$ cat protein10.cif   # mmCIF, C-alpha atoms
data_model
loop_
_atom_site.label_atom_id
_atom_site.label_comp_id
_atom_site.auth_asym_id
_atom_site.auth_seq_id
_atom_site.Cartn_x
_atom_site.Cartn_y
_atom_site.Cartn_z
CA MET V 188 0.00 0.00 0.00
CA LYS V 189 2.85 2.39 0.88
CA LYS V 190 4.49 1.71 -2.50
CA ILE V 191 1.24 2.54 -4.29
CA ILE V 192 0.95 5.83 -2.39
CA VAL V 193 4.55 6.74 -3.17
CA LEU V 194 4.08 5.90 -6.86
CA LEU V 195 0.86 7.87 -6.98
CA PHE V 196 2.53 10.87 -5.40
CA ALA V 197 5.43 10.63 -7.85
CA PHE V 198 2.97 10.43 -10.75
CA ILE V 199 1.14 13.55 -9.57
CA ILE V 200 4.39 15.49 -9.18
CA PHE V 201 5.58 14.31 -12.61
CA ASN V 202 2.33 15.43 -14.22
CA GLN V 203 2.56 18.81 -12.50
CA ILE V 204 6.10 19.31 -13.73
CA MET V 205 5.21 18.21 -17.26
CA ALA V 206 2.23 20.53 -17.22
CA GLN V 207 4.69 23.33 -16.61
CA THR V 208 6.96 22.36 -19.54
CA ASP V 209 5.23 24.98 -21.67
CA GLU V 210 5.29 27.37 -18.79
CA PHE V 211 3.83 30.38 -20.59
CA LYS V 212 1.80 30.79 -23.73
CA THR V 213 3.96 31.17 -26.83
CA TYR V 214 2.89 33.09 -29.90
CA SER V 215 3.40 32.45 -33.61
CA ASN V 216 6.89 33.96 -33.30
CA ASP V 217 7.76 31.17 -30.82
CA LEU V 218 8.24 33.78 -28.09
CA ILE V 219 6.31 34.48 -24.89
CA TYR V 220 5.49 37.97 -26.18
CA SER V 221 3.34 38.57 -29.25
CA ASN V 222 4.60 40.20 -32.45
CA ASN V 223 2.82 43.38 -31.40
CA THR V 224 4.49 43.38 -27.98
CA MET V 225 7.92 42.67 -29.49
CA SER V 226 7.34 45.48 -31.96
CA GLN V 227 6.56 47.84 -29.08
CA LEU V 228 9.74 46.77 -27.32
CA SER V 229 11.84 47.22 -30.44
CA HIS V 230 10.54 50.77 -30.85
CA ILE V 231 11.40 51.49 -27.21
CA VAL V 232 14.94 50.14 -27.62
CA ASP V 233 15.43 52.17 -30.80
CA SER V 234 14.31 55.34 -29.06
CA LEU V 235 16.53 54.68 -26.04
CA ASN V 236 19.74 53.99 -27.94
CA LEU V 237 20.63 57.69 -28.01
CA LYS V 238 20.22 57.81 -24.26
CA TYR V 239 22.57 54.86 -23.79
CA LYS V 240 25.26 56.52 -25.90
CA SER V 241 25.30 59.39 -23.41
CA CYS V 242 25.37 57.13 -20.35
CA ASP V 243 28.39 57.33 -18.06
CA LEU V 244 30.09 54.08 -18.95
CA ASN V 245 33.42 55.12 -17.47
CA LYS V 246 32.51 54.99 -13.80
CA THR V 247 35.06 53.31 -11.55
CA PHE V 248 33.68 50.23 -9.86
CA ARG V 249 35.54 48.34 -7.17
CA SER V 250 35.70 44.63 -6.47
CA LYS V 251 34.16 43.11 -3.37
CA SER V 252 36.44 43.31 -0.33
CA GLN V 253 38.22 39.98 -0.14
CA SER V 254 41.08 38.25 1.58
CA VAL V 255 42.96 34.96 1.63
CA GLY V 256 42.97 33.41 5.06
CA TYR V 257 42.59 30.33 7.23
CA PHE V 258 39.47 28.42 8.22
CA VAL V 259 39.61 26.98 11.74
CA GLU V 260 37.27 24.47 13.39
CA ILE V 261 37.51 23.07 16.90
CA ASN V 262 35.27 20.65 18.83
CA GLY V 263 34.80 19.48 22.36
CA LYS V 264 35.65 21.03 25.67
CA GLU V 265 38.27 23.37 24.21
CA MET V 266 35.76 25.44 22.22
CA LYS V 267 35.06 28.05 24.88
CA ALA V 268 38.76 28.49 25.70
CA ALA V 269 39.57 28.81 22.00
CA GLN V 270 36.96 31.53 21.63
CA GLN V 271 38.48 33.44 24.56
CA ASP V 272 41.99 33.10 23.12
CA MET V 273 40.82 34.52 19.81
CA LYS V 274 39.19 37.39 21.66
CA ASN V 275 42.56 38.05 23.33
CA GLY V 276 44.28 38.12 19.94
CA ILE V 277 46.25 34.87 20.05
CA SER V 278 48.55 34.41 17.06
CA LEU V 279 47.79 31.64 14.61
CA GLU V 280 51.11 29.98 15.39
CA ASN V 281 50.39 29.87 19.11
CA PHE V 282 46.82 28.77 18.49
CA ARG V 283 48.01 25.76 16.50
CA LYS V 284 50.46 24.84 19.23
CA LYS V 285 47.84 25.14 21.97
CA TYR V 286 45.11 23.33 20.02
CA PRO V 287 46.85 20.66 17.91
CA LYS V 288 43.57 18.81 17.30
CA ALA V 289 41.93 21.87 15.69
CA LYS V 290 41.12 21.60 12.00
CA VAL V 291 42.97 24.28 10.04
CA ILE V 292 42.54 24.83 6.29
CA GLU V 293 44.93 27.24 4.61
CA ASN V 294 44.42 29.64 1.71
CA MET V 295 40.67 30.16 1.77
CA LEU V 296 39.14 32.97 -0.27
CA VAL V 297 36.97 34.99 2.13
CA VAL V 298 34.65 37.73 0.87
CA ARG V 299 33.02 40.50 2.92
CA PHE V 300 29.41 41.42 2.13
CA GLU V 301 27.23 44.18 3.53
CA TYR V 302 23.45 44.14 3.13
CA LYS V 303 20.14 44.73 4.87
CA ASP V 304 18.25 41.77 6.33
CA TYR V 305 14.50 41.14 6.21
CA ASN V 306 14.06 43.56 9.10
CA ASP V 307 15.94 46.26 7.16
CA LYS V 308 18.84 45.98 9.58
CA ASP V 309 22.43 46.40 8.36
CA VAL V 310 24.45 43.17 8.34
CA ILE V 311 28.10 42.47 7.53
CA GLU V 312 28.78 38.89 6.50
CA PHE V 313 32.05 37.06 5.89
CA SER V 314 31.77 34.13 3.47
CA GLU V 315 34.19 31.44 2.41
CA MET V 316 34.21 30.69 -1.32
CA ASN V 317 34.21 26.90 -1.49
CA LEU V 318 35.57 25.82 -4.90
CA GLU V 319 33.58 22.58 -4.83
CA SER V 320 30.10 23.70 -3.82
CA GLY V 321 30.32 27.47 -4.36
CA SER V 322 29.53 28.31 -0.76
CA GLY V 323 31.02 27.47 2.60
CA TYR V 324 31.22 28.73 6.16
CA GLU V 325 29.75 32.18 6.68
CA ILE V 326 29.27 34.39 9.67
CA GLY V 327 27.30 37.61 9.97
CA PHE V 328 27.22 40.54 12.39
CA SER V 329 24.53 43.15 12.98
CA GLU V 330 26.20 45.02 15.86
CA ASN V 331 29.38 47.08 16.08
CA LEU V 332 29.63 47.14 12.28
CA LYS V 333 32.26 49.88 12.19
CA LYS V 334 34.73 47.37 13.61
CA TYR V 335 34.10 44.92 10.78
CA ARG V 336 34.45 47.49 7.99
CA LYS V 337 38.16 47.87 8.74
CA GLU V 338 41.07 46.13 7.02
CA LEU V 339 41.11 43.43 9.75
CA LYS V 340 44.73 42.44 9.22
CA ASN V 341 45.95 39.65 11.56
CA THR V 342 42.40 39.35 12.90
CA TRP V 343 40.17 36.49 13.99
CA ILE V 344 36.56 36.53 12.71
CA TYR V 345 34.26 34.31 14.74
CA ASP V 346 30.80 34.11 16.29
CA ASN V 347 31.27 36.23 19.41
CA ARG V 348 28.11 35.11 21.18
CA GLU V 349 28.49 33.36 24.52
CA ARG V 350 28.59 29.59 24.12
CA SER V 351 26.45 27.51 26.47
CA LYS V 352 27.28 23.97 27.55
CA LYS V 353 24.33 22.72 25.47
CA TYR V 354 25.85 24.14 22.28
CA LYS V 355 27.08 21.01 20.47
CA TYR V 356 28.14 22.44 17.10
CA PRO V 357 31.85 22.95 16.39
CA PHE V 358 33.38 26.36 16.91
CA GLN V 359 34.46 27.84 13.58
CA ALA V 360 36.42 30.94 12.66
CA PHE V 361 38.50 32.71 10.02
CA TYR V 362 42.00 34.03 10.58
CA LEU V 363 43.05 36.77 8.15
CA PRO V 364 46.79 37.49 8.07
CA LYS V 365 46.58 40.04 5.23
CA GLY V 366 43.22 41.65 5.89
CA PHE V 367 40.66 42.75 3.30
CA SER V 368 41.33 44.71 0.14
CA SER V 369 39.39 45.90 -2.90
CA GLN V 370 40.66 46.85 -6.34
CA PRO V 371 39.26 48.83 -9.28
CA ILE V 372 37.43 46.60 -11.73
CA LYS V 373 39.10 46.63 -15.13
CA GLU V 374 37.55 49.21 -17.48
CA LYS V 375 36.44 46.55 -19.96
CA TYR V 376 34.28 44.91 -17.29
CA ALA V 377 33.27 48.16 -15.62
CA ARG V 378 31.67 49.22 -18.90
CA MET V 379 29.57 46.03 -18.83
CA ILE V 380 28.32 46.94 -15.36
CA GLY V 381 27.62 50.50 -16.52
CA TYR V 382 25.80 49.21 -19.59
CA ALA V 383 23.60 46.96 -17.46
CA ASP V 384 22.77 49.88 -15.14
CA CYS V 385 21.90 52.05 -18.15
CA LEU V 386 19.75 49.38 -19.72
CA ILE V 387 17.90 48.33 -16.58
CA ASP V 388 17.63 51.84 -15.08
CA THR V 389 18.48 51.65 -11.39
CA SER V 390 16.00 54.38 -10.51
CA THR V 391 13.02 52.09 -11.23
CA LEU V 392 11.72 49.00 -9.42
CA LYS V 393 9.37 46.30 -10.69
CA ILE V 394 7.31 46.26 -7.49
CA ASN V 395 6.69 49.49 -5.60
CA LYS V 396 8.24 49.75 -2.14
CA ASN V 397 4.93 49.96 -0.27
CA ALA V 398 3.29 47.11 -2.19
CA GLN V 399 0.92 44.85 -0.24
CA GLN V 400 1.04 41.08 -0.40
CA GLY V 401 -1.78 39.57 -2.47
CA TYR V 402 -2.66 38.65 -6.02
CA VAL V 403 -4.29 40.41 -8.98
CA ASN V 404 -6.51 38.47 -11.35
CA PHE V 405 -5.27 39.19 -14.85
CA PRO V 406 -8.05 39.62 -17.46
CA THR V 407 -7.85 37.25 -20.42
CA ASP V 408 -8.82 40.07 -22.76
CA TRP V 409 -6.14 42.45 -21.47
CA GLU V 410 -4.85 43.15 -24.98
CA LYS V 411 -8.17 44.78 -25.85
CA LEU V 412 -7.94 47.26 -22.97
CA SER V 413 -7.21 50.91 -23.71
CA LYS V 414 -3.73 52.19 -22.93
CA ILE V 415 -5.06 54.11 -19.91
CA LYS V 416 -6.68 50.97 -18.50
CA LYS V 417 -3.50 48.99 -19.13
CA GLU V 418 -1.51 51.61 -17.25
CA ARG V 419 -3.94 51.48 -14.32
CA LEU V 420 -3.80 47.68 -14.26
CA LEU V 421 -0.01 47.77 -14.39
CA GLU V 422 0.15 50.14 -11.44
CA LYS V 423 -2.24 47.90 -9.50
CA MET V 424 0.01 44.92 -10.18
CA ARG V 425 3.15 46.85 -9.21
CA ASN V 426 1.46 47.64 -5.90
CA THR V 427 0.94 43.93 -5.25
CA ARG V 428 3.65 41.60 -3.96
CA VAL V 429 3.00 37.96 -4.84
CA VAL V 430 4.61 35.26 -2.66
CA GLY V 431 4.59 31.62 -3.77
CA SER V 432 3.08 29.19 -1.29
CA CYS V 433 5.26 26.26 -2.43
CA SER V 434 7.54 25.00 -5.20
CA GLN V 435 4.64 24.30 -7.55
CA ASP V 436 2.99 27.68 -7.06
CA SER V 437 3.55 29.50 -10.36
CA SER V 438 1.72 32.68 -9.32
CA PRO V 439 4.89 34.81 -8.74
CA ARG V 440 6.17 34.03 -12.24
CA ASN V 441 2.73 34.56 -13.78
CA HIS V 442 2.52 37.90 -12.00
CA ALA V 443 5.91 38.89 -13.43
CA ILE V 444 5.09 38.00 -17.03
CA ASN V 445 1.80 39.89 -16.76
CA ILE V 446 3.74 42.93 -15.57
CA ALA V 447 6.23 42.48 -18.41
CA GLN V 448 3.49 42.31 -21.04
CA LEU V 449 1.67 45.36 -19.70
CA SER V 450 4.94 47.29 -19.40
CA ALA V 451 5.79 46.57 -23.03
CA GLU V 452 2.33 47.59 -24.21
CA THR V 453 2.52 50.84 -22.25
CA THR V 454 6.13 51.58 -23.33
CA ASN V 455 7.53 51.18 -19.83
CA TRP V 456 10.89 49.62 -20.71
CA GLU V 457 12.47 49.87 -17.25
CA VAL V 458 9.71 47.87 -15.56
CA PHE V 459 9.55 45.41 -18.47
CA LEU V 460 13.24 44.55 -18.30
CA ARG V 461 13.25 44.07 -14.53
CA ALA V 462 10.18 41.82 -14.78
CA HIS V 463 11.72 39.77 -17.59
CA LEU V 464 15.06 39.47 -15.79
CA ASP V 465 13.22 38.31 -12.67
CA ILE V 466 11.65 35.56 -14.78
CA MET V 467 15.03 34.64 -16.28
CA ASN V 468 16.70 34.63 -12.85
CA ASP V 469 13.67 33.07 -11.11
CA ARG V 470 13.91 35.83 -8.52
CA PHE V 471 10.71 35.41 -6.49
CA GLU V 472 9.64 34.97 -2.91
CA ARG V 473 8.38 31.49 -2.01
CA ALA V 474 7.54 29.80 1.27
CA SER V 475 9.56 26.80 0.05
CA ASP V 476 11.26 25.78 -3.16
CA GLY V 477 12.28 22.19 -3.91
CA SER V 478 14.90 21.53 -6.58
CA TYR V 479 12.54 19.12 -8.38
CA ALA V 480 10.54 22.14 -9.57
CA TRP V 481 13.41 24.18 -10.98
CA GLY V 482 13.67 22.42 -14.35
CA ALA V 483 10.26 23.52 -15.58
CA ARG V 484 11.07 27.21 -15.14
CA LYS V 485 12.59 28.42 -18.38
CA THR V 486 14.96 31.37 -18.78
CA TYR V 487 13.53 33.02 -21.94
CA ILE V 488 16.78 34.66 -22.95
CA LYS V 489 15.94 34.50 -26.66
CA GLU V 490 13.25 37.16 -26.15
CA LEU V 491 16.05 39.56 -25.21
CA GLU V 492 18.19 38.43 -28.13
CA GLU V 493 15.45 39.48 -30.54
CA LEU V 494 15.85 43.07 -29.37
CA ASP V 495 18.69 45.37 -30.41
CA ILE V 496 20.66 45.15 -27.15
CA ASN V 497 24.04 43.68 -26.26
CA VAL V 498 22.84 40.60 -24.39
CA SER V 499 26.31 39.33 -23.44
CA ASP V 500 27.33 42.67 -21.88
CA LEU V 501 24.01 42.83 -20.05
CA ILE V 502 24.39 39.30 -18.66
CA PHE V 503 28.03 39.76 -17.69
CA GLY V 504 27.23 43.17 -16.20
CA ILE V 505 24.69 41.65 -13.80
CA SER V 506 26.95 38.66 -13.03
CA LEU V 507 29.98 40.64 -11.85
CA ARG V 508 30.02 41.48 -8.13
CA LEU V 509 31.20 44.86 -6.86
CA GLU V 510 31.69 46.87 -3.70
CA ASN V 511 30.09 50.13 -4.86
CA PRO V 512 27.04 49.29 -6.98
CA ALA V 513 24.47 51.86 -7.99
CA LYS V 514 21.39 51.87 -5.77
CA ASN V 515 19.01 49.13 -6.98
CA HIS V 516 21.72 47.58 -9.16
CA TYR V 517 20.41 44.27 -10.55
CA TYR V 518 22.40 41.13 -9.71
CA GLY V 519 21.90 37.96 -11.70
CA SER V 520 21.79 34.46 -10.24
CA ILE V 521 24.98 32.63 -11.32
CA GLY V 522 23.10 29.33 -11.60
CA ARG V 523 20.18 30.68 -13.61
CA VAL V 524 22.30 32.94 -15.80
CA GLY V 525 24.57 30.01 -16.62
CA ARG V 526 21.55 28.06 -17.80
CA ALA V 527 20.34 31.02 -19.86
CA LEU V 528 23.72 31.38 -21.56
CA SER V 529 23.53 27.76 -22.75
CA GLU V 530 20.40 28.74 -24.70
CA THR V 531 21.82 31.79 -26.49
CA LYS V 532 22.29 31.88 -30.26
CA ASP V 533 26.02 32.46 -30.03
CA HIS V 534 26.75 30.65 -26.79
CA GLN V 535 30.21 29.50 -27.91
CA SER V 536 31.61 33.02 -28.30
CA ILE V 537 30.08 33.87 -24.93
CA ALA V 538 31.68 30.72 -23.52
CA GLN V 539 35.08 31.90 -24.74
CA ALA V 540 34.48 35.30 -23.17
CA MET V 541 33.81 33.58 -19.82
CA LEU V 542 37.02 31.56 -20.14
CA ASN V 543 38.94 34.75 -20.90
CA MET V 544 37.61 36.31 -17.70
CA ILE V 545 38.65 33.27 -15.66
CA GLU V 546 42.16 33.63 -17.11
CA ASP V 547 42.38 37.40 -16.64
CA SER V 548 44.85 38.15 -13.83
CA GLU V 549 43.69 41.79 -13.81
CA LEU V 550 40.25 40.74 -12.60
CA ASP V 551 39.86 40.14 -8.87
CA ASP V 552 39.91 36.55 -7.61
CA TYR V 553 36.30 36.54 -6.42
CA ASN V 554 34.88 37.51 -9.81
CA ARG V 555 37.17 35.01 -11.54
CA VAL V 556 35.79 32.30 -9.28
CA LEU V 557 32.22 33.43 -9.98
CA PHE V 558 32.82 33.16 -13.72
CA TYR V 559 34.31 29.71 -13.17
CA PHE V 560 30.99 28.68 -11.60
CA LEU V 561 29.08 30.57 -14.30
CA PHE V 562 30.89 28.52 -16.95
CA ARG V 563 30.25 25.27 -15.09
CA ASN V 564 26.54 26.05 -14.85
CA TYR V 565 26.47 27.00 -18.53
CA ASN V 566 28.17 23.75 -19.52
CA HIS V 567 25.89 21.66 -17.32
CA TYR V 568 22.91 22.62 -19.51
CA ILE V 569 24.62 22.07 -22.88
CA GLN V 570 22.76 19.29 -24.70
CA ASN V 571 25.52 18.29 -27.13
CA GLU V 572 27.73 15.82 -25.23
CA ASP V 573 30.74 16.29 -27.52
CA LEU V 574 30.58 20.04 -27.08
CA LYS V 575 30.18 19.54 -23.35
CA LYS V 576 33.42 17.52 -23.21
CA GLU V 577 35.24 20.08 -25.35
CA ASN V 578 34.09 22.87 -23.04
CA LEU V 579 35.31 20.94 -20.01
CA GLU V 580 38.76 20.55 -21.55
CA ASN V 581 38.85 24.27 -22.31
CA LEU V 582 37.87 25.03 -18.72
CA LYS V 583 40.67 22.81 -17.41
CA LYS V 584 43.15 24.86 -19.45
CA SER V 585 41.70 28.16 -18.26
CA ILE V 586 41.87 27.35 -14.55
CA THR V 587 45.64 26.85 -14.83
CA ALA V 588 45.78 30.65 -15.08
CA LEU V 589 44.15 31.05 -11.66
CA PRO V 590 46.31 31.66 -8.58
CA SER V 591 47.70 28.37 -7.27
CA TYR V 592 45.75 28.62 -4.00
CA LEU V 593 42.52 28.48 -6.03
CA GLN V 594 43.70 25.88 -8.54
CA GLU V 595 44.55 23.36 -5.85
CA LYS V 596 40.99 23.43 -4.51
CA ILE V 597 39.27 22.75 -7.85
CA VAL V 598 38.28 19.20 -8.76
CA LEU V 599 36.77 18.75 -12.22
CA GLU V 600 35.29 15.37 -13.08
CA ASP V 601 35.21 14.18 -16.69
#

$ encode --input "protein10.cif" --output "structure tokens"
Amino acid sequence: MKKIIVLLFAFIIFNQIMAQTDEFKTYSNDLIYSNNTMSQLSHIVDSLNLKYKSCDLNKTFRSKSQSVGYFVEINGKEMKAAQQDMKNGISLENFRKKYPKAKVIENMLVVRFEYKDYNDKDVIEFSEMNLESGSGYEIGFSENLKKYRKELKNTWIYDNRERSKKYKYPFQAFYLPKGFSSQPIKEKYARMIGYADCLIDTSTLKINKNAQQGYVNFPTDWEKLSKIKKERLLEKMRNTRVVGSCSQDSSPRNHAINIAQLSAETTNWEVFLRAHLDIMNDRFERASDGSYAWGARKTYIKELEELDINVSDLIFGISLRLENPAKNHYYGSIGRVGRALSETKDHQSIAQAMLNMIEDSELDDYNRVLFYFLFRNYNHYIQNEDLKKENLENLKKSITALPSYLQEKIVLED
């Protein structure tokens, strides 16, 4: 009986996923926007090209603050004493002598992030870039932030909360002998970031700040509405924040494509592009999101390719990470963008551009690592197995240009 229930559940899930294969309606042009909508978008892009030529594409952007340090982990009764020793500024050499059983991993790339949490409170987070999984140990602080904005040379970074006897997890920390530094992003790449900011328009958001959670029923005859009614409906939708109840809840993505269509029809390019990029990046709030549902959500990058924009510069511009972004700068998801790039018309030239960025010693280590993962995600979705193997060989050659401390932590399986 249990097997029957399990099989029935699997069948239901499979049918739901298959039902989402054609996620959105496609038109005669094989796109998710009609010929009329694409025509509207093309006219907008044509009219905006003069504006883009006058954009400030020479702004200096800086890399994320990063450092190469040690990861330390200690278990058992010594945890509390180790925490106190770090607080007192024990040297790494003396720490290793005093705690010989502690796990110490050398040459870890650690990146400093600053952001606001769900309660709009400032947070500084230190994250290890794991070259196998893409993410590792991370620790955040929401108090005394001025202290953590410093260089932090020869400094321990650890969870400074008091540890109770019931706390069973290992005590983990970073030791940073060199401290954090940031460098100007090479002009070639800075122009990509500037282009993305120009194209997306950082002064505009898809959903208004004071939007209320809910849902707006989208009329099936929306295309017949007058422009004024479309504008009113668009504003109503932008004042509504849709949150998915589970992995199979497609309402956030449906809400976004409805906003994109209305934006195109009412010549609101800035809102359109943010809505479409959200669809491509699958950037939506959900109560839960299982990986089994990800495959059915397409990226729809070819809709952007049909317009007269530099898609590769746009995608790279939102993939690079920087310390001083414009307010509301749009960041792409490395996993989703990698999948989108595998579906582009000229994905091989874009693939070579990614390899060049991995090899570029003038680009900061963190962004080089990100483009390593971007390439791996891109190659994962390539359908041609021969091309996939060729790409893997090219990637193996490119990573030999990375600093040795990064190379030694990369394992690529054939």

$ axis_aligned_box --input "protein10.cif" --around "stretch 541-547 of chain V" --padding-each-side "3 Å" --output "JSON"
{"center_x": 38.1, "center_y": 34.5, "center_z": -18.3, "size_x": 14.6, "size_y": 11.8, "size_z": 11.2}

$ resolve_selection --input "protein10.cif" --expression "the PyMOL selection byres ((chain V and resi 491-494) around 10)" --output "PyMOL selection string"
chain V and resi 218+225-226+228-233+460+463-464+487-490+495-499+531-532

$ atom_distance --input "protein10.cif" --atom1 "atom CA of V:Cys385" --atom2 "atom CA of V:Leu235"
9.9 Å

$ resolve_selection --input "protein10.cif" --expression "the PyMOL selection byres ((chain V and resi 371) around 7)" --output "list in words"
Thr247, Phe248, Arg249, Ser250, Gln370, Ile372 and Lys373 of chain V

$ atom_distance --input "protein10.cif" --atom1 "atom CA of V:Ser438" --atom2 "atom CA of V:Ile521"
23.3 Å

$ resolve_selection --input "protein10.cif" --expression "the PyMOL selection byres ((chain V and resi 271-281) around 12)" --output "VMD selection string"
chain V and resid 256 to 259 265 to 270 282 to 287 289 291 to 293 339 to 350 358 to 364

$ write_last_selection --input "protein10.cif" --atoms "C-alpha atoms" --output "short mmCIF file (atom, residue, chain, number, x, y, z; two decimals), keeping the file's coordinate frame"
data_model
loop_
_atom_site.label_atom_id
_atom_site.label_comp_id
_atom_site.auth_asym_id
_atom_site.auth_seq_id
_atom_site.Cartn_x
_atom_site.Cartn_y
_atom_site.Cartn_z
CA GLY V 256 42.97 33.41 5.06
CA TYR V 257 42.59 30.33 7.23
CA PHE V 258 39.47 28.42 8.22
CA VAL V 259 39.61 26.98 11.74
CA GLU V 265 38.27 23.37 24.21
CA MET V 266 35.76 25.44 22.22
CA LYS V 267 35.06 28.05 24.88
CA ALA V 268 38.76 28.49 25.70
CA ALA V 269 39.57 28.81 22.00
CA GLN V 270 36.96 31.53 21.63
CA PHE V 282 46.82 28.77 18.49
CA ARG V 283 48.01 25.76 16.50
CA LYS V 284 50.46 24.84 19.23
CA LYS V 285 47.84 25.14 21.97
CA TYR V 286 45.11 23.33 20.02
CA PRO V 287 46.85 20.66 17.91
CA ALA V 289 41.93 21.87 15.69
CA VAL V 291 42.97 24.28 10.04
CA ILE V 292 42.54 24.83 6.29
CA GLU V 293 44.93 27.24 4.61
CA LEU V 339 41.11 43.43 9.75
CA LYS V 340 44.73 42.44 9.22
CA ASN V 341 45.95 39.65 11.56
CA THR V 342 42.40 39.35 12.90
CA TRP V 343 40.17 36.49 13.99
CA ILE V 344 36.56 36.53 12.71
CA TYR V 345 34.26 34.31 14.74
CA ASP V 346 30.80 34.11 16.29
CA ASN V 347 31.27 36.23 19.41
CA ARG V 348 28.11 35.11 21.18
CA GLU V 349 28.49 33.36 24.52
CA ARG V 350 28.59 29.59 24.12
CA PHE V 358 33.38 26.36 16.91
CA GLN V 359 34.46 27.84 13.58
CA ALA V 360 36.42 30.94 12.66
CA PHE V 361 38.50 32.71 10.02
CA TYR V 362 42.00 34.03 10.58
CA LEU V 363 43.05 36.77 8.15
CA PRO V 364 46.79 37.49 8.07
#

$ residues_around --input "protein10.cif" --residues "V:Gly327" --least-positions-apart "2" --cutoff "12 Å" --atoms "only C-alpha atoms" --output "PDB file with C-alpha atoms, keeping the file's coordinate frame"
ATOM      1  CA  VAL V 298      34.650  37.730   0.870  1.00  0.00           C
ATOM      2  CA  ARG V 299      33.020  40.500   2.920  1.00  0.00           C
ATOM      3  CA  PHE V 300      29.410  41.420   2.130  1.00  0.00           C
ATOM      4  CA  GLU V 301      27.230  44.180   3.530  1.00  0.00           C
ATOM      5  CA  TYR V 302      23.450  44.140   3.130  1.00  0.00           C
ATOM      6  CA  LYS V 303      20.140  44.730   4.870  1.00  0.00           C
ATOM      7  CA  ASP V 304      18.250  41.770   6.330  1.00  0.00           C
ATOM      8  CA  LYS V 308      18.840  45.980   9.580  1.00  0.00           C
ATOM      9  CA  ASP V 309      22.430  46.400   8.360  1.00  0.00           C
ATOM     10  CA  VAL V 310      24.450  43.170   8.340  1.00  0.00           C
ATOM     11  CA  ILE V 311      28.100  42.470   7.530  1.00  0.00           C
ATOM     12  CA  GLU V 312      28.780  38.890   6.500  1.00  0.00           C
ATOM     13  CA  PHE V 313      32.050  37.060   5.890  1.00  0.00           C
ATOM     14  CA  SER V 314      31.770  34.130   3.470  1.00  0.00           C
ATOM     15  CA  GLU V 315      34.190  31.440   2.410  1.00  0.00           C
ATOM     16  CA  TYR V 324      31.220  28.730   6.160  1.00  0.00           C
ATOM     17  CA  GLU V 325      29.750  32.180   6.680  1.00  0.00           C
ATOM     18  CA  SER V 329      24.530  43.150  12.980  1.00  0.00           C
ATOM     19  CA  GLU V 330      26.200  45.020  15.860  1.00  0.00           C
ATOM     20  CA  ASN V 331      29.380  47.080  16.080  1.00  0.00           C
ATOM     21  CA  LEU V 332      29.630  47.140  12.280  1.00  0.00           C
ATOM     22  CA  TYR V 335      34.100  44.920  10.780  1.00  0.00           C
ATOM     23  CA  ILE V 344      36.560  36.530  12.710  1.00  0.00           C
ATOM     24  CA  TYR V 345      34.260  34.310  14.740  1.00  0.00           C
ATOM     25  CA  ASP V 346      30.800  34.110  16.290  1.00  0.00           C
ATOM     26  CA  ASN V 347      31.270  36.230  19.410  1.00  0.00           C
ATOM     27  CA  ARG V 348      28.110  35.110  21.180  1.00  0.00           C
ATOM     28  CA  ALA V 360      36.420  30.940  12.660  1.00  0.00           C
TER      29      ALA V 360
END

$ closest_residue --input "protein10.cif" --among "V:Leu449, V:Leu599, V:Ile502, V:Ile387" --to "V:Lys576" --atoms "all atoms listed in the file"
V:Leu599

$ closest_residue --input "protein10.cif" --among "V:Ser506, V:Thr389, V:Ser322, V:Ser529" --to "V:Ile569" --atoms "only C-alpha atoms"
V:Ser529

$ atom_distance --input "protein10.cif" --atom1 "atom CA of V:Ser548" --atom2 "atom CA of V:His567"
25.4 Å

$ closest_residue --input "protein10.cif" --among "V:Gly431, V:Gly263, V:Pro590, V:Gly366" --to "V:Ser475" --atoms "only C-alpha atoms"
V:Gly431

$ closest_residue --input "protein10.cif" --among "V:Asp469, V:Asp388, V:Glu572, V:Glu418" --to "V:Arg440" --atoms "all atoms listed in the file"
V:Asp469

$ closest_residue --input "protein10.cif" --among "V:Leu392, V:Leu507, V:Ala538, V:Leu528" --to "V:Leu550" --atoms "all atoms listed in the file"
V:Leu507

$ closest_residue --input "protein10.cif" --among "V:Ile446, V:Val297, V:Ala480, V:Met467" --to "V:Gln253" --atoms "all atoms listed in the file"
V:Val297

$ residues_around --input "protein10.cif" --residues "V:Gln227" --least-positions-apart "5" --cutoff "7 Å" --atoms "only C-alpha atoms" --output "list in words"
Ala451, Glu452 and Thr454 of chain V
